[in-house]
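Here is the structure we will look at, set down as structure tokens.
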Amino acid sequence: MPVLQALRAYVRHLPGCLGTGPLAARLSDHLKHHPVHATARTRDGMVFPVVTSDVIQRYLWLHGVWEPHLTAWVRFRLAPGDLVVDVGAHTGYYTLLASRLVGPAGRVVAIEPSPTFHQALTANLAANGCGNVRTINAAVSDRPERLTFYLERATNLGGTTAIRPRTVEASFEADAAPLPTLLTAGELVTARLIKIDVEGGEAAAVRGLAPVLSSLRDDVELVVEVTPQTLAKQGHAVDDVLGLLRAHGFHAYRMANDYAAGSYPAALRRPLPPVRWRGPVTEMSDLVFSRRDAETLA
């Protein structure tokens, strides 16, 4: 363990040094197959209990960050007093980050369908003293319904989806409703950032938001994880998301995102802003939708 801690410190605190990328990849593989139970402190000072068999928890312990490009952009974008909506909050990485950034004058609404993850979310909020967050244990869709969610493998707890995979390790049911039904009128019209990460449910989530898009803040921005293959399994297309938002004056920007552990040191050294995206979306992508018309959202 002392050797592991020393190697982790090298990767985490000296990302610009020689060999940190390959070393991070080796350490990540070791931590996946030889799980460590620990407390991870993120680069923003948040603490999470982790088991490193899960990829998100592993990266928080190893790197102190999840999705470094998106994390850096969220830090840059939010200001004290803002309101953030986190749809698919999981155990709260982005919820807690937003809570810190918007401060006591701001608010965060965190929506998570899994009872287990929602319980972990509330525990993490309490442990980090986040008093400006409202949590909702529900799913988001385009209509009121009861959904079944599936976990394919325990090494990626964040991949819980309402689309049944070929193998199922666990499942649960949750009530779903359109986002405008779950939010108060005040939360809806003051939201600065809406993050939607629902593992294939993004078309329904955006459709449910469509009736109120014109009443949102002019500077509201949406971060939507788009999954073309999962959408196709439901008979949907990426344009069901992009077309609807573009029709309401939003431009699409693509966020760099590489889940390989070896890519994190470089991403931490030089996080990239979202860039204007006019082409097809053929693979899972984090897209930012903004009414700002530019080549980058820097």
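A note on labels: chains of the structure tokens are A, B, ... as shown, every chain counts residues from 1, and ligands are counted from 1 in their shown order.
For Arg246 (chain A), the set of protein, DNA and RNA residues having any atom at most 12 Å away, when counting only C-alpha atoms and skipping those fewer than 6 positions along the same chain, is A:Val206, A:Ala210, A:Leu213, A:Ser214, A:Leu222, A:Asp239, A:Asp240, A:Ala252, A:Tyr253, A:Trp277, A:Arg278, A:Val288, A:Phe289, A:Ser290, A:Arg291, A:Arg292, A:Asp293.
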Picked from region 88-231 of chain A by DSSP as strand (DSSP E or B), as a PyMOL selection string: chain A and resi 107-111+133-136+139-140+145-151+161+170-177+191-196+221-226
Exercise: region 176-180 of chain A partners within 6 Å, only C-alpha atoms, chain neighbours under 3 positions left out, as an MDAnalysis selection string: chainID A and resid 138:146 183 208
Members of region 76-248 of chain A assigned helix (DSSP H, G or I) by DSSP, as a PyMOL selection string: chain A and resi 76-77+93-102+115-127+157-159+179-182+185-190+202-215+228-233+239-247
I'd like the neighbourhood of region 16-30 of chain A as a tab-separated table (two decimals) with C-alpha atoms, in the first residue's frame, where a residue qualifies if any of its atoms comes within 10 Å (using only C-alpha atoms), though same-chain residues fewer than 2 positions away should be ignored.
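What landed in selection_31.tsv:
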chain	number	residue	atom	x	y	z
A	4	LEU	CA	0.66	2.33	-4.32
A	7	LEU	CA	2.67	6.11	-7.27
A	8	ARG	CA	-0.80	7.60	-6.91
A	10	TYR	CA	3.07	11.05	-8.47
A	11	VAL	CA	0.21	10.68	-10.98
A	12	ARG	CA	-2.19	12.92	-9.08
A	13	HIS	CA	0.04	15.81	-8.08
A	14	LEU	CA	2.56	15.86	-10.94
A	32	LYS	CA	-9.93	-2.20	-10.91
A	33	HIS	CA	-8.87	-5.79	-10.27
A	34	HIS	CA	-7.57	-5.23	-6.71
A	35	PRO	CA	-10.17	-2.84	-5.26
A	36	VAL	CA	-9.24	-0.37	-2.55
A	52	THR	CA	-11.99	1.42	-6.85
A	53	SER	CA	-13.61	-1.44	-8.76
A	55	VAL	CA	-14.53	3.50	-12.73
A	58	ARG	CA	-11.44	4.78	-9.05
A	59	TYR	CA	-10.70	7.97	-10.98
A	61	TRP	CA	-9.24	8.35	-5.84
A	62	LEU	CA	-6.49	8.25	-8.46
A	63	HIS	CA	-6.89	11.64	-10.15
A	260	ALA	CA	-8.89	6.16	-20.66
A	261	ALA	CA	-7.04	6.64	-17.37
A	262	GLY	CA	-3.85	7.42	-19.28
A	263	SER	CA	-5.47	10.47	-20.88
A	264	TYR	CA	-6.19	12.21	-17.58
A	265	PRO	CA	-2.75	13.72	-16.86
A	266	ALA	CA	-2.76	15.54	-20.22
A	268	LEU	CA	-5.54	18.04	-16.29
A	269	ARG	CA	-2.58	19.95	-17.72
A	270	ARG	CA	-4.63	21.47	-20.55
Between CA of Tyr259 (chain A) and CA of Ala79 (chain A), distance in Å (one decimal):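 For CA of Tyr259 (chain A) relative to CA of Ala79 (chain A), the distance reads 27.3 Å.
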Which of A:Arg77, A:Arg164, A:Arg100, A:His69 sits closest to Asp44 (chain A) [using only C-alpha atoms]: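 Ranking A:Arg77, A:Arg164, A:Arg100, A:His69 by distance to Asp44 (chain A), first place goes to A:Arg100.
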Residue contacts of Gln57 (chain A) (10 Å, only C-alpha atoms) excluding same-chain residues fewer than 3 positions away, as a ChimeraX atom specification: /A:37-40,48-54,60-66,91,93,155-158
Suppose we keep N, CA and C atoms; can you now write the selection as a compact mmCIF listing (two decimals), in the first residue's frame?
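Final output, saved to part24.txt:
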# COMPACT_ATOMS: atom_id res chain seq x y z
N HIS A 37 -10.77 0.16 -0.75
CA HIS A 37 -11.83 0.91 -0.08
C HIS A 37 -11.16 2.10 0.61
N ALA A 38 -11.57 3.31 0.24
CA ALA A 38 -10.87 4.49 0.75
C ALA A 38 -11.80 5.70 0.73
N THR A 39 -11.27 6.82 1.17
CA THR A 39 -11.94 8.11 1.03
C THR A 39 -11.16 8.94 0.03
N ALA A 40 -11.85 9.38 -1.01
CA ALA A 40 -11.21 10.19 -2.04
C ALA A 40 -11.51 11.66 -1.80
N PHE A 48 -15.44 11.74 -0.90
CA PHE A 48 -16.35 10.66 -1.26
C PHE A 48 -15.79 9.34 -0.76
N PRO A 49 -16.62 8.48 -0.18
CA PRO A 49 -16.17 7.10 0.07
C PRO A 49 -16.13 6.37 -1.26
N VAL A 50 -15.07 5.61 -1.51
CA VAL A 50 -14.92 4.97 -2.81
C VAL A 50 -14.51 3.51 -2.67
N VAL A 51 -14.90 2.75 -3.69
CA VAL A 51 -14.39 1.40 -3.92
C VAL A 51 -13.88 1.40 -5.36
N THR A 52 -12.61 1.14 -5.56
CA THR A 52 -11.99 1.42 -6.85
C THR A 52 -12.30 0.41 -7.95
N SER A 53 -13.16 -0.57 -7.67
CA SER A 53 -13.61 -1.44 -8.76
C SER A 53 -14.51 -0.66 -9.73
N ASP A 54 -15.18 0.37 -9.25
CA ASP A 54 -16.03 1.23 -10.09
C ASP A 54 -15.18 2.33 -10.71
N LEU A 60 -11.74 9.14 -9.12
CA LEU A 60 -11.74 10.16 -8.06
C LEU A 60 -10.59 9.92 -7.08
N TRP A 61 -10.33 8.65 -6.77
CA TRP A 61 -9.24 8.35 -5.84
C TRP A 61 -7.88 8.56 -6.50
N LEU A 62 -7.77 8.18 -7.77
CA LEU A 62 -6.49 8.25 -8.46
C LEU A 62 -6.16 9.67 -8.93
N HIS A 63 -7.14 10.34 -9.53
CA HIS A 63 -6.89 11.64 -10.15
C HIS A 63 -7.51 12.82 -9.40
N GLY A 64 -8.49 12.54 -8.54
CA GLY A 64 -9.17 13.63 -7.85
C GLY A 64 -10.17 14.38 -8.71
N VAL A 65 -10.55 13.77 -9.84
CA VAL A 65 -11.46 14.45 -10.77
C VAL A 65 -12.13 13.40 -11.64
N TRP A 66 -13.30 13.72 -12.13
CA TRP A 66 -14.00 12.91 -13.12
C TRP A 66 -14.29 13.81 -14.32
N THR A 91 -24.08 9.66 -7.53
CA THR A 91 -23.76 9.86 -6.11
C THR A 91 -23.29 11.29 -5.81
N TYR A 93 -21.09 13.74 -7.80
CA TYR A 93 -19.86 14.45 -8.14
C TYR A 93 -20.16 15.86 -8.66
N THR A 155 -18.64 -2.68 -12.31
CA THR A 155 -17.45 -1.88 -12.55
C THR A 155 -17.78 -0.53 -13.20
N ASN A 156 -19.05 -0.31 -13.55
CA ASN A 156 -19.47 0.98 -14.09
C ASN A 156 -20.87 1.30 -13.57
N LEU A 157 -20.93 1.71 -12.31
CA LEU A 157 -22.22 1.99 -11.67
C LEU A 157 -22.92 3.17 -12.33
N GLY A 158 -22.15 4.06 -12.94
CA GLY A 158 -22.74 5.21 -13.62
C GLY A 158 -23.43 4.86 -14.91
Contacts of Leu297 (chain A) at 8 Å (only C-alpha atoms; same-chain gap of 6+ positions) as a list in words: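 Close residues of Leu297 (chain A): Tyr253, Pro273, Pro274 and Val275 of chain A.
Nearest to Phe149 (chain A) of all the residues A:Val133, A:Val168, A:Ala72, A:Val224 is A:Val168, based on only C-alpha atoms.
Each of A:His251, A:Arg107, A:Lys233, A:Arg192 was compared to Leu216 (chain A) using only C-alpha atoms, and A:Arg192 turns out to be the nearest.
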